[in-house]
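Below: run_23.cif (mmCIF, C-alpha atoms and all ligand atoms)
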data_data
loop_
_atom_site.label_atom_id
_atom_site.label_comp_id
_atom_site.auth_asym_id
_atom_site.auth_seq_id
_atom_site.Cartn_x
_atom_site.Cartn_y
_atom_site.Cartn_z
CA MET A 1 -18.21 236.01 129.09
CA GLU A 2 -15.67 236.89 126.47
CA ASN A 3 -15.03 240.54 125.91
CA ASN A 4 -14.89 240.84 122.15
CA GLY A 5 -15.66 244.50 121.72
CA VAL A 6 -18.83 244.43 123.85
CA HIS A 7 -20.16 247.58 125.44
CA GLN A 8 -19.73 248.19 129.11
CA ASN A 9 -21.38 251.05 130.88
CA PHE A 10 -19.29 252.89 133.41
CA GLY A 11 -21.58 255.62 134.66
CA GLN A 12 -22.27 257.99 131.81
CA ALA A 13 -19.28 257.07 129.69
CA GLN A 14 -19.66 254.11 127.42
CA VAL A 15 -16.38 252.29 127.20
CA ILE A 16 -15.79 249.90 124.33
CA GLU A 17 -12.87 247.61 124.88
CA ALA A 18 -10.45 246.50 122.19
CA PRO A 19 -10.90 242.93 120.99
CA THR A 20 -8.80 240.55 123.03
CA ASN A 21 -7.29 238.78 120.01
CA ILE A 22 -3.59 238.01 120.18
CA THR A 23 -1.54 239.93 117.62
CA ILE A 24 1.93 239.10 116.32
CA LYS A 25 3.21 242.59 117.06
CA GLY A 26 1.77 242.44 120.59
CA ILE A 27 3.51 239.18 121.49
CA LEU A 28 6.78 240.18 119.85
CA SER A 29 6.98 243.40 121.82
CA LEU A 30 6.43 241.44 125.06
CA LEU A 31 9.20 239.02 124.04
CA MET A 32 11.52 241.89 123.12
CA ALA A 33 10.91 243.49 126.53
CA ASN A 34 11.90 240.16 128.08
CA THR A 35 15.40 240.13 126.54
CA ASN A 36 18.37 241.90 128.07
CA GLY A 37 18.22 244.25 125.08
CA ASP A 38 21.57 245.12 123.56
CA LYS A 39 23.15 245.46 127.01
CA ASP A 40 24.61 242.00 126.53
CA ASP A 41 27.44 242.70 124.11
CA LYS A 42 28.15 239.05 123.38
CA LYS A 43 24.53 238.28 122.62
CA LYS A 44 22.87 240.89 120.48
CA VAL A 45 19.14 240.39 120.03
CA ILE A 46 18.32 238.37 116.91
CA SER A 47 14.71 238.44 115.86
CA LEU A 48 13.32 235.59 113.79
CA GLY A 49 9.92 236.83 114.84
CA ILE A 50 8.60 239.44 112.48
CA GLY A 51 8.42 239.18 108.72
CA ASP A 52 10.26 242.40 108.00
CA PRO A 53 13.31 241.40 105.97
CA THR A 54 14.53 244.99 105.59
CA ALA A 55 16.38 244.66 108.90
CA TYR A 56 19.04 242.75 106.91
CA SER A 57 21.08 244.31 104.12
CA CYS A 58 20.80 241.20 101.92
CA PHE A 59 17.09 241.99 101.63
CA CYS A 60 17.29 245.51 100.27
CA THR A 61 15.17 246.94 97.46
CA THR A 62 16.84 248.18 94.25
CA VAL A 63 18.07 251.65 93.39
CA ASP A 64 15.71 251.74 90.37
CA VAL A 65 12.72 251.33 92.63
CA GLN A 66 13.96 254.07 94.93
CA GLN A 67 14.65 256.33 91.97
CA ALA A 68 11.09 255.91 90.68
CA VAL A 69 9.79 257.32 93.98
CA VAL A 70 12.36 260.12 94.03
CA ASP A 71 11.29 261.13 90.51
CA THR A 72 7.56 261.19 91.23
CA LEU A 73 8.17 263.09 94.47
CA ARG A 74 10.43 265.70 92.81
CA SER A 75 8.06 266.17 89.87
CA ASN A 76 5.74 268.22 92.09
CA LYS A 77 2.81 266.63 90.27
CA PHE A 78 1.76 264.28 93.04
CA ASN A 79 1.37 266.42 96.12
CA GLY A 80 -2.42 266.44 95.95
CA TYR A 81 -5.11 263.91 96.74
CA SER A 82 -5.52 260.95 94.44
CA PRO A 83 -8.93 259.47 93.60
CA THR A 84 -9.67 257.32 96.66
CA VAL A 85 -9.81 254.16 94.50
CA GLY A 86 -6.25 254.98 93.36
CA LEU A 87 -4.57 256.90 90.52
CA PRO A 88 -5.73 255.65 87.08
CA GLN A 89 -2.16 254.85 85.98
CA THR A 90 -1.55 252.91 89.20
CA ARG A 91 -4.72 250.83 88.75
CA ARG A 92 -3.73 250.13 85.15
CA ALA A 93 -0.18 249.08 86.08
CA ILE A 94 -1.43 246.69 88.78
CA ALA A 95 -4.07 245.26 86.41
CA GLU A 96 -1.40 244.60 83.78
CA TYR A 97 1.07 243.16 86.29
CA LEU A 98 -1.48 240.66 87.60
CA SER A 99 -3.00 239.88 84.17
CA SER A 100 0.30 238.49 82.90
CA ASP A 101 -0.32 235.37 85.07
CA LEU A 102 -4.02 234.99 84.20
CA PRO A 103 -5.99 233.42 81.34
CA TYR A 104 -8.05 236.64 81.04
CA LYS A 105 -7.28 240.35 81.31
CA LEU A 106 -8.11 242.41 84.38
CA SER A 107 -9.43 245.92 83.87
CA PRO A 108 -8.03 248.93 85.79
CA ASP A 109 -11.56 249.20 87.24
CA ASP A 110 -11.02 245.83 88.96
CA VAL A 111 -8.19 247.34 91.02
CA TYR A 112 -8.49 249.35 94.25
CA VAL A 113 -5.23 250.76 95.56
CA THR A 114 -4.76 250.36 99.31
CA ALA A 115 -2.33 251.22 102.09
CA GLY A 116 -0.55 247.87 102.02
CA CYS A 117 -2.14 244.45 101.96
CA THR A 118 -3.31 245.09 105.53
CA GLN A 119 -5.76 247.74 104.37
CA ALA A 120 -6.93 245.44 101.57
CA ILE A 121 -7.78 242.87 104.28
CA GLU A 122 -9.61 245.50 106.29
CA MET A 123 -11.50 246.68 103.20
CA VAL A 124 -12.63 243.31 101.93
CA LEU A 125 -13.85 242.13 105.33
CA SER A 126 -15.68 245.41 105.95
CA ILE A 127 -17.34 245.35 102.55
CA LEU A 128 -18.51 241.75 102.94
CA ALA A 129 -19.63 241.95 106.58
CA ARG A 130 -23.35 241.84 107.29
CA PRO A 131 -25.32 240.82 110.38
CA GLY A 132 -25.11 237.08 111.03
CA ALA A 133 -22.38 236.42 108.48
CA ASN A 134 -19.39 234.17 109.07
CA ILE A 135 -16.01 233.76 107.39
CA LEU A 136 -13.65 230.79 107.04
CA LEU A 137 -10.09 231.49 108.17
CA PRO A 138 -7.06 229.18 108.01
CA ARG A 139 -5.48 227.77 111.16
CA PRO A 140 -2.60 228.43 111.51
CA GLY A 141 -3.12 231.80 109.88
CA PHE A 142 -2.42 235.48 109.82
CA PRO A 143 -3.95 237.08 112.94
CA ILE A 144 -5.00 240.36 111.27
CA TYR A 145 -7.91 238.46 109.67
CA GLY A 146 -9.28 237.35 113.02
CA LEU A 147 -8.75 240.76 114.56
CA CYS A 148 -10.45 242.52 111.69
CA ALA A 149 -13.37 240.06 111.63
CA THR A 150 -13.88 240.65 115.35
CA PHE A 151 -14.05 244.41 114.83
CA ARG A 152 -16.64 243.89 112.09
CA ASN A 153 -18.71 241.44 114.16
CA LEU A 154 -18.06 238.72 111.61
CA GLU A 155 -18.25 235.25 113.11
CA ILE A 156 -14.94 233.41 112.63
CA ARG A 157 -14.86 229.73 111.70
CA TYR A 158 -11.35 228.32 111.60
CA TYR A 159 -10.48 225.51 109.23
CA ASP A 160 -7.34 223.43 109.69
CA LEU A 161 -4.38 223.29 107.36
CA LEU A 162 -2.82 219.83 107.18
CA PRO A 163 0.86 219.87 108.27
CA GLU A 164 1.65 216.41 106.87
CA ASP A 165 0.19 217.35 103.45
CA GLY A 166 2.17 220.49 102.74
CA TRP A 167 -0.30 222.52 104.81
CA GLU A 168 -3.06 221.93 102.27
CA VAL A 169 -6.62 222.98 103.02
CA ASN A 170 -8.81 220.28 104.57
CA LEU A 171 -11.57 220.53 101.98
CA GLU A 172 -13.97 218.12 103.69
CA ALA A 173 -13.74 220.12 106.89
CA ILE A 174 -14.62 223.25 104.93
CA GLU A 175 -17.84 221.76 103.61
CA ALA A 176 -18.81 220.81 107.14
CA LEU A 177 -18.00 224.29 108.49
CA ALA A 178 -19.78 226.43 105.91
CA ASP A 179 -23.47 227.31 105.89
CA HIS A 180 -25.75 229.77 104.08
CA ASN A 181 -24.30 232.63 106.16
CA THR A 182 -20.72 231.96 105.08
CA ILE A 183 -19.49 234.81 102.92
CA ALA A 184 -15.93 233.85 102.03
CA ILE A 185 -12.89 231.67 102.61
CA VAL A 186 -9.42 233.14 103.09
CA ILE A 187 -6.52 231.37 101.33
CA ILE A 188 -2.96 232.54 101.95
CA ASN A 189 -0.62 231.34 99.21
CA PRO A 190 2.40 231.35 99.32
CA GLY A 191 1.62 230.90 102.97
CA ASN A 192 2.45 232.78 106.09
CA PRO A 193 3.05 231.25 108.65
CA CYS A 194 3.55 227.85 106.95
CA GLY A 195 5.72 228.51 103.89
CA ASN A 196 3.34 226.45 101.73
CA VAL A 197 3.00 226.87 97.96
CA TYR A 198 -0.12 225.13 96.68
CA THR A 199 -0.28 223.15 93.45
CA ARG A 200 -2.51 224.24 90.60
CA GLN A 201 -4.67 221.14 91.24
CA HIS A 202 -5.19 221.98 94.90
CA LEU A 203 -6.12 225.59 94.09
CA GLU A 204 -8.63 224.35 91.54
CA LYS A 205 -10.17 222.03 94.13
CA ILE A 206 -10.48 224.93 96.55
CA ALA A 207 -12.26 226.95 93.84
CA GLU A 208 -14.62 224.04 93.11
CA THR A 209 -15.42 223.76 96.81
CA ALA A 210 -16.10 227.51 97.02
CA LYS A 211 -18.39 227.23 94.00
CA LYS A 212 -20.34 224.39 95.60
CA LEU A 213 -20.72 226.41 98.79
CA ARG A 214 -21.50 229.61 96.84
CA ILE A 215 -18.87 231.62 98.67
CA ALA A 216 -16.18 234.04 97.50
CA ILE A 217 -12.46 233.40 97.83
CA ILE A 218 -10.18 235.96 99.45
CA ALA A 219 -6.73 235.16 98.06
CA ASP A 220 -3.93 236.72 100.10
CA GLU A 221 -1.03 236.73 97.62
CA VAL A 222 1.17 239.21 99.41
CA TYR A 223 4.01 236.64 98.92
CA GLY A 224 3.14 236.15 95.26
CA HIS A 225 6.14 234.84 93.26
CA LEU A 226 8.23 234.29 96.39
CA ALA A 227 8.30 230.54 95.69
CA PHE A 228 11.47 228.46 95.62
CA GLY A 229 10.35 224.83 95.83
CA ALA A 230 8.87 222.32 93.41
CA ASN A 231 5.57 224.16 92.88
CA PRO A 232 5.53 227.42 90.96
CA PHE A 233 3.32 230.21 92.29
CA VAL A 234 -0.13 230.08 90.66
CA PRO A 235 -2.51 232.93 91.48
CA MET A 236 -5.99 231.97 92.67
CA GLY A 237 -7.40 234.36 90.06
CA VAL A 238 -6.62 231.67 87.45
CA PHE A 239 -9.76 229.96 88.79
CA GLY A 240 -11.81 233.15 89.03
CA SER A 241 -14.30 231.77 86.52
CA ILE A 242 -15.08 228.87 88.87
CA ALA A 243 -15.62 231.05 91.97
CA PRO A 244 -15.20 234.82 92.30
CA VAL A 245 -11.87 235.84 93.82
CA PHE A 246 -10.69 238.92 95.68
CA THR A 247 -6.93 239.09 95.13
CA LEU A 248 -4.97 240.89 97.84
CA GLY A 249 -1.36 241.93 97.48
CA SER A 250 1.22 244.65 97.93
CA LEU A 251 4.71 245.81 97.06
CA SER A 252 5.79 245.02 100.63
CA LYS A 253 7.27 241.55 100.32
CA ARG A 254 8.30 241.04 96.68
CA TRP A 255 9.82 244.49 96.37
CA LEU A 256 11.08 244.52 99.99
CA VAL A 257 9.44 247.83 100.90
CA PRO A 258 6.87 247.03 103.62
CA GLY A 259 7.11 250.57 104.98
CA TRP A 260 5.87 252.14 101.74
CA ARG A 261 2.33 250.94 102.41
CA LEU A 262 1.29 250.25 98.82
CA GLY A 263 -1.12 247.41 98.22
CA TRP A 264 -4.18 246.38 96.26
CA LEU A 265 -7.58 244.76 96.41
CA VAL A 266 -8.56 243.30 93.04
CA THR A 267 -11.75 241.61 91.86
CA SER A 268 -10.45 238.64 89.84
CA ASP A 269 -13.84 237.69 88.54
CA PRO A 270 -14.21 237.18 84.77
CA ASN A 271 -17.90 236.26 85.15
CA GLY A 272 -18.66 239.65 86.65
CA ILE A 273 -20.34 238.42 89.82
CA PHE A 274 -18.88 241.41 91.69
CA LYS A 275 -19.89 243.77 88.87
CA ASN A 276 -23.24 244.59 90.44
CA PRO A 277 -23.33 248.44 90.42
CA LYS A 278 -24.54 248.55 94.03
CA PHE A 279 -21.64 246.39 95.14
CA ILE A 280 -19.12 248.51 93.24
CA GLU A 281 -20.64 251.60 94.83
CA ARG A 282 -20.14 249.97 98.21
CA ILE A 283 -16.44 249.33 97.52
CA LYS A 284 -15.96 252.90 96.28
CA LYS A 285 -17.65 254.37 99.36
CA TYR A 286 -15.35 252.31 101.53
CA CYS A 287 -12.36 253.63 99.59
CA ASP A 288 -13.60 257.13 100.42
CA ILE A 289 -13.29 256.23 104.11
CA CYS A 290 -9.80 254.76 103.71
CA GLY A 291 -8.34 257.52 101.55
CA GLY A 292 -5.65 255.37 99.93
CA PRO A 293 -1.86 255.46 100.13
CA ALA A 294 0.43 258.45 99.46
CA THR A 295 -0.08 259.82 95.93
CA PHE A 296 3.62 260.00 94.97
CA ILE A 297 4.16 256.35 95.94
CA GLN A 298 1.14 255.38 93.83
CA ALA A 299 2.52 257.39 90.93
CA ALA A 300 5.78 255.43 91.07
CA VAL A 301 4.02 252.06 90.72
CA PRO A 302 3.94 251.94 86.88
CA LEU A 303 7.70 252.50 86.76
CA ILE A 304 8.33 250.07 89.61
CA MET A 305 6.28 247.31 88.00
CA GLU A 306 7.60 247.78 84.48
CA GLN A 307 11.26 248.33 85.29
CA THR A 308 12.21 246.07 88.17
CA LYS A 309 14.70 243.61 86.73
CA ALA A 310 14.18 239.87 86.87
CA SER A 311 17.66 239.63 88.42
CA PHE A 312 16.46 241.51 91.53
CA PHE A 313 13.54 239.10 92.03
CA GLY A 314 15.84 236.15 91.32
CA LYS A 315 18.33 237.29 93.94
CA THR A 316 15.64 237.56 96.64
CA VAL A 317 14.17 234.15 95.84
CA ASN A 318 17.63 232.51 95.81
CA MET A 319 18.49 234.11 99.13
CA LEU A 320 15.21 232.89 100.65
CA LYS A 321 15.84 229.38 99.32
CA HIS A 322 19.29 229.47 100.87
CA THR A 323 18.10 230.72 104.28
CA ALA A 324 15.14 228.30 104.28
CA ASP A 325 17.64 225.46 103.69
CA ILE A 326 19.83 226.64 106.57
CA CYS A 327 16.73 226.75 108.74
CA CYS A 328 15.62 223.19 107.89
CA LYS A 329 19.12 221.78 108.32
CA LYS A 330 19.51 223.39 111.73
CA VAL A 331 16.06 222.26 112.89
CA GLU A 332 17.16 218.65 112.22
CA GLU A 333 20.00 219.06 114.72
CA ILE A 334 17.60 219.93 117.55
CA PRO A 335 15.59 216.95 118.90
CA CYS A 336 12.69 218.90 120.48
CA ILE A 337 11.65 220.63 117.23
CA THR A 338 10.60 219.07 113.93
CA CYS A 339 9.50 220.44 110.60
CA PRO A 340 6.76 218.30 108.97
CA SER A 341 6.68 220.30 105.72
CA LYS A 342 9.70 222.11 104.33
CA PRO A 343 8.95 225.71 103.37
CA GLU A 344 8.66 226.26 99.62
CA GLY A 345 7.79 229.94 99.64
CA SER A 346 7.17 233.11 101.66
CA MET A 347 9.52 233.91 104.54
CA ALA A 348 8.38 231.68 107.39
CA VAL A 349 8.10 228.08 108.50
CA MET A 350 6.15 226.31 111.25
CA VAL A 351 8.03 223.81 113.41
CA LYS A 352 6.49 221.51 115.98
CA LEU A 353 7.69 221.72 119.55
CA ASN A 354 7.85 218.55 121.63
CA VAL A 355 7.75 219.87 125.20
CA SER A 356 7.84 216.34 126.63
CA LEU A 357 11.57 216.25 125.81
CA LEU A 358 12.17 219.37 127.91
CA LYS A 359 12.33 219.37 131.67
CA ASP A 360 11.14 222.84 132.65
CA ILE A 361 9.22 224.25 129.70
CA SER A 362 5.44 224.11 129.89
CA ASP A 363 4.43 225.20 126.37
CA ASP A 364 5.36 227.29 123.31
CA MET A 365 4.81 230.60 125.15
CA ASP A 366 7.04 229.53 128.02
CA PHE A 367 9.64 228.30 125.51
CA CYS A 368 9.72 231.61 123.61
CA PHE A 369 9.83 233.77 126.74
CA LYS A 370 12.68 231.77 128.28
CA LEU A 371 14.52 231.73 124.94
CA ALA A 372 14.23 235.52 124.69
CA LYS A 373 15.42 235.96 128.25
CA GLU A 374 18.34 233.54 128.15
CA GLU A 375 19.53 233.77 124.55
CA SER A 376 18.16 237.07 123.18
CA VAL A 377 16.59 235.17 120.29
CA ILE A 378 13.03 236.05 119.33
CA ILE A 379 10.79 233.37 117.83
CA LEU A 380 7.01 233.60 117.57
CA PRO A 381 5.01 231.13 119.69
CA GLY A 382 2.59 229.13 117.53
CA LEU A 383 -0.29 230.24 119.73
CA ALA A 384 -0.02 233.68 118.09
CA VAL A 385 -1.00 232.12 114.76
CA GLY A 386 -3.48 229.63 116.22
CA LEU A 387 -1.35 226.52 116.93
CA LYS A 388 -0.29 225.79 120.48
CA ASN A 389 3.08 224.07 120.93
CA TRP A 390 4.35 225.05 117.53
CA LEU A 391 6.79 227.82 116.65
CA ARG A 392 6.89 230.16 113.67
CA ILE A 393 10.43 230.89 112.51
CA THR A 394 11.05 233.68 110.01
CA PHE A 395 14.03 232.85 107.82
CA ALA A 396 14.25 236.18 105.97
CA ALA A 397 17.48 236.98 107.78
CA GLU A 398 21.18 237.27 107.00
CA PRO A 399 22.65 233.73 106.83
CA ALA A 400 25.22 234.54 109.53
CA ALA A 401 22.51 235.86 111.89
CA LEU A 402 20.41 232.78 111.21
CA GLU A 403 23.31 230.44 112.00
CA GLU A 404 24.07 232.34 115.20
CA ALA A 405 20.40 232.27 116.27
CA PHE A 406 20.15 228.51 115.68
CA GLY A 407 23.38 227.96 117.59
CA ARG A 408 21.85 229.70 120.59
CA LEU A 409 18.54 227.87 120.11
CA LYS A 410 20.38 224.56 120.11
CA SER A 411 22.28 225.25 123.32
CA PHE A 412 19.06 226.51 124.94
CA CYS A 413 17.31 223.26 124.04
CA GLN A 414 20.25 221.16 125.29
CA ARG A 415 20.27 223.05 128.59
CA HIS A 416 16.55 222.45 129.11
CA SER A 417 16.51 218.91 127.78
CA LYS A 418 15.54 216.02 130.11
CA GLN A 419 18.60 214.07 129.00
CA GLN A 420 21.68 216.22 129.22
CA ASN A 421 23.97 215.62 126.27
C1 LIG B 1 2.88 240.84 105.60
C2 LIG B 1 1.53 240.25 105.36
C3 LIG B 1 0.42 241.07 105.09
C4 LIG B 1 0.49 242.56 105.20
O1 LIG B 1 1.11 243.15 104.13
P1 LIG B 1 1.40 244.71 104.10
O2 LIG B 1 1.50 245.04 102.66
O3 LIG B 1 2.67 244.94 104.84
O4 LIG B 1 0.26 245.40 104.76
C5 LIG B 1 -0.79 240.47 104.78
N1 LIG B 1 -0.93 239.13 104.75
C6 LIG B 1 0.10 238.31 105.04
C7 LIG B 1 -0.11 236.83 105.01
C8 LIG B 1 1.36 238.85 105.37
O5 LIG B 1 2.37 238.03 105.70
#

Turn this file's structure into structure tokens for me.
Amino acid sequence: MENNGVHQNFGQAQVIEAPTNITIKGILSLLMANTNGDKDDKKKVISLGIGDPTAYSCFCTTVDVQQAVVDTLRSNKFNGYSPTVGLPQTRRAIAEYLSSDLPYKLSPDDVYVTAGCTQAIEMVLSILARPGANILLPRPGFPIYGLCATFRNLEIRYYDLLPEDGWEVNLEAIEALADHNTIAIVIINPGNPCGNVYTRQHLEKIAETAKKLRIAIIADEVYGHLAFGANPFVPMGVFGSIAPVFTLGSLSKRWLVPGWRLGWLVTSDPNGIFKNPKFIERIKKYCDICGGPATFIQAAVPLIMEQTKASFFGKTVNMLKHTADICCKKVEEIPCITCPSKPEGSMAVMVKLNVSLLKDISDDMDFCFKLAKEESVIILPGLAVGLKNWLRITFAAEPAALEEAFGRLKSFCQRHSKQQN
């Protein structure tokens, strides 16, 4: 029997085990422990594993953003508790920021300020969970959803993203998966781990499908606006009048401050389906449990959102486009990995691993552990995001580090290849 948080009696003490879900951080720390650390002077550890770009100086937030936080901190006005739903000015700033891309205007009351997008995920799943309910999650996906659903006893039903079609949602599969106990579908766009940016038409089709199935959409837009391909970023909230949308986001990725823990959960729902007073009460009560992020960081949000220059955003997006290009070019030089869909957004790409071309590698896990050991390069095995024998490569790295990492990856693959060349 699987041990997903079930009770086990050991004498008097009741021990409840942690869910056994794989997490990205868990696997990466095992991989890191498997390297020679920085003992090897010639081969410093390069991690293309985690999506924290702040390790590289080319992905640094701006002085203006830092100054906004310094000012709110030094003002001595924000040392106390904030309302647990968030400071009024913070909710207003987020509502205005998101409304500029929508055909309707969000109200500050639609916004709940959270400790990063992670807490918004935790909140929305907890609020929606009820006995017998299930939720549709993308595969490959972001493991926190599965972990959180397990903690909340929500049944998980994975739907496949289609690698040959720009990782679009398999809409027919969704209709077959959902039933009257399905509460929501999670859409991550721009996508992690796939780097997809969906077209307006595809997003509309997803909304129509959700309407037909009478389910809500949870739109993870933590990479909102980090799009550099043919499709511009379109928020799911644009189709909020077709099906109600929970929009999840944070400052973490676009402003390059993941450690500040400032995010949001927003009801993008012009028809007011979520406006039921009992439901709003439920969200507010849950906010009371969570407590919200640090008050002085919240207080800086209006300044951050109004004053960040377009040139800062442009620089980040151009850098990501550049590093994504390096990544795709280098992948082409290595026979055992292929990239079916070029990344057009976010900070990661999925590449397919052909183990049959390698002589002594059994699967993606084995590949990543041996790579870490021999080359001090960290790449996430696809299994961690739900796809065996794929790899997730994070390209939010300094170009020189990326080139070096791919050089090592290439010689690793040559060394383990069936045909030596
Ligand atoms: C990084 C990430 C998050 C978490 O964002 P935080 O603001 O750091 O909590 C959520 N969803 C996806 C898809 C992410 O990549």

Requested in this report: Around ligand LIG 1 (chain B), at most 9 Å away and counting only C-alpha atoms and all ligand atoms, which residues are there? Put them as a VMD selection string, please.
Outcome: chain A and resid 51 to 52 114 to 121 141 to 145 188 to 193 220 to 223 248 to 253 257 to 264 346 to 348

Query raised in the report: Given the choices A:Leu87, A:Ala55, A:Ile280, A:Met236, which gets closest to Thr295 in chain A if the distance is worked out from all atoms listed in the file?
Result: A:Leu87

**Report entry** Nearest residue to Pro88 in chain A from the set A:Phe312, A:Ile218, A:Gln298, A:Lys285 (distances using only C-alpha atoms)
**Finding:** A:Gln298

Requested in this report: Give the answer as one residue: which of A:Leu177, A:Asp110, A:Gly146, A:Pro140 has the shortest atom-to-atom distance to Lys275 in chain A, using only C-alpha atoms?
Outcome: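 When distances to Lys275 in chain A are compared using only C-alpha atoms, the smallest one comes from A:Asp110.
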
Query - Coordinates-based distance that separates CA of Lys370 in chain A from CA of His416 in chain A (Å, one decimal) - result: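 We find that CA of His416 in chain A and CA of Lys370 in chain A lie 10.1 Å from each other.
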
Report summary line: Atom pair CA of Arg139 in chain A + CA of Thr182 in chain A, distance 16.9 Å

Requested in this report: Excluding Ile135 in chain A and any residue of its chain fewer than 4 positions from it, enumerate the residues within 8 Å of it, using all atoms listed in the file, and give them as a VMD selection string.
Outcome: chain A and resid 154 to 157 182 to 186

Query raised in the report: When distances are computed from all atoms listed in the file, which of A:Leu161, A:Leu265, A:Ala173, A:Ile16 shows the smallest separation from Gly292 in chain A?
Result: A:Leu265

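Residues in contact with Ser417 in chain A at up to 8 Å, not including ones fewer than 4 positions away on its chain and judged by all atoms listed in the file, are Leu357, Leu358, Lys359 and Cys413 of chain A.
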
Query - Pairwise distance for CA of His322 in chain A and CA of Ala401 in chain A, rounded to one decimal in Å - result: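 Those two atoms sit 13.1 Å apart.
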
Residues near Cys339 in chain A, cut-off 8 Å, all atoms listed in the file, skip fewer than 5 positions along chain, as a PDB file with C-alpha atoms, in the frame of the given file:
ATOM      1  CA  CYS A 328      15.620 223.190 107.890  1.00  0.00           C
ATOM      2  CA  VAL A 331      16.060 222.260 112.890  1.00  0.00           C
ATOM      3  CA  MET A 350       6.150 226.310 111.250  1.00  0.00           C
ATOM      4  CA  VAL A 351       8.030 223.810 113.410  1.00  0.00           C
ATOM      5  CA  LYS A 352       6.490 221.510 115.980  1.00  0.00           C
TER       6      LYS A 352
END

Requested in this report: Could you tell me which of A:Ala294, A:Val245, A:Leu203, A:Cys148 comes closest to Glu168 in chain A if we count all atoms listed in the file?
Outcome: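 Of the candidates, the smallest distance to Glu168 in chain A is held by A:Leu203.
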
Have range 67-82 of chain A completed to N, CA and C atoms, please, and pass it along as a compact mmCIF listing (two decimals), keeping the file's coordinate frame.
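Saved the output as rebuild-v1.txt:
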# COMPACT_ATOMS: atom_id res chain seq x y z
N GLN A 67 14.60 255.19 92.89
CA GLN A 67 14.65 256.33 91.97
C GLN A 67 13.27 256.67 91.43
N ALA A 68 12.45 255.66 91.19
CA ALA A 68 11.09 255.91 90.68
C ALA A 68 10.33 256.79 91.67
N VAL A 69 10.49 256.52 92.96
CA VAL A 69 9.79 257.32 93.98
C VAL A 69 10.39 258.72 94.08
N VAL A 70 11.71 258.81 93.99
CA VAL A 70 12.36 260.12 94.03
C VAL A 70 11.83 260.98 92.88
N ASP A 71 11.74 260.38 91.69
CA ASP A 71 11.29 261.13 90.51
C ASP A 71 9.85 261.62 90.66
N THR A 72 8.96 260.75 91.11
CA THR A 72 7.56 261.19 91.23
C THR A 72 7.44 262.25 92.33
N LEU A 73 8.22 262.10 93.38
CA LEU A 73 8.17 263.09 94.47
C LEU A 73 8.67 264.45 93.97
N ARG A 74 9.82 264.45 93.27
CA ARG A 74 10.43 265.70 92.81
C ARG A 74 9.65 266.35 91.68
N SER A 75 8.79 265.61 91.01
CA SER A 75 8.06 266.17 89.87
C SER A 75 7.07 267.24 90.29
N ASN A 76 6.74 267.27 91.57
CA ASN A 76 5.74 268.22 92.09
C ASN A 76 4.34 268.00 91.54
N LYS A 77 4.12 266.87 90.86
CA LYS A 77 2.81 266.63 90.27
C LYS A 77 1.93 265.79 91.18
N PHE A 78 2.52 265.25 92.24
CA PHE A 78 1.76 264.28 93.04
C PHE A 78 1.69 264.65 94.51
N ASN A 79 1.50 265.96 94.74
CA ASN A 79 1.37 266.42 96.12
C ASN A 79 -0.08 266.49 96.57
N GLY A 80 -0.99 266.32 95.62
CA GLY A 80 -2.42 266.44 95.95
C GLY A 80 -3.05 265.11 96.28
N TYR A 81 -4.37 265.14 96.51
CA TYR A 81 -5.11 263.91 96.74
C TYR A 81 -5.16 263.10 95.45
N SER A 82 -5.22 261.78 95.60
CA SER A 82 -5.52 260.95 94.44
C SER A 82 -7.00 260.56 94.54
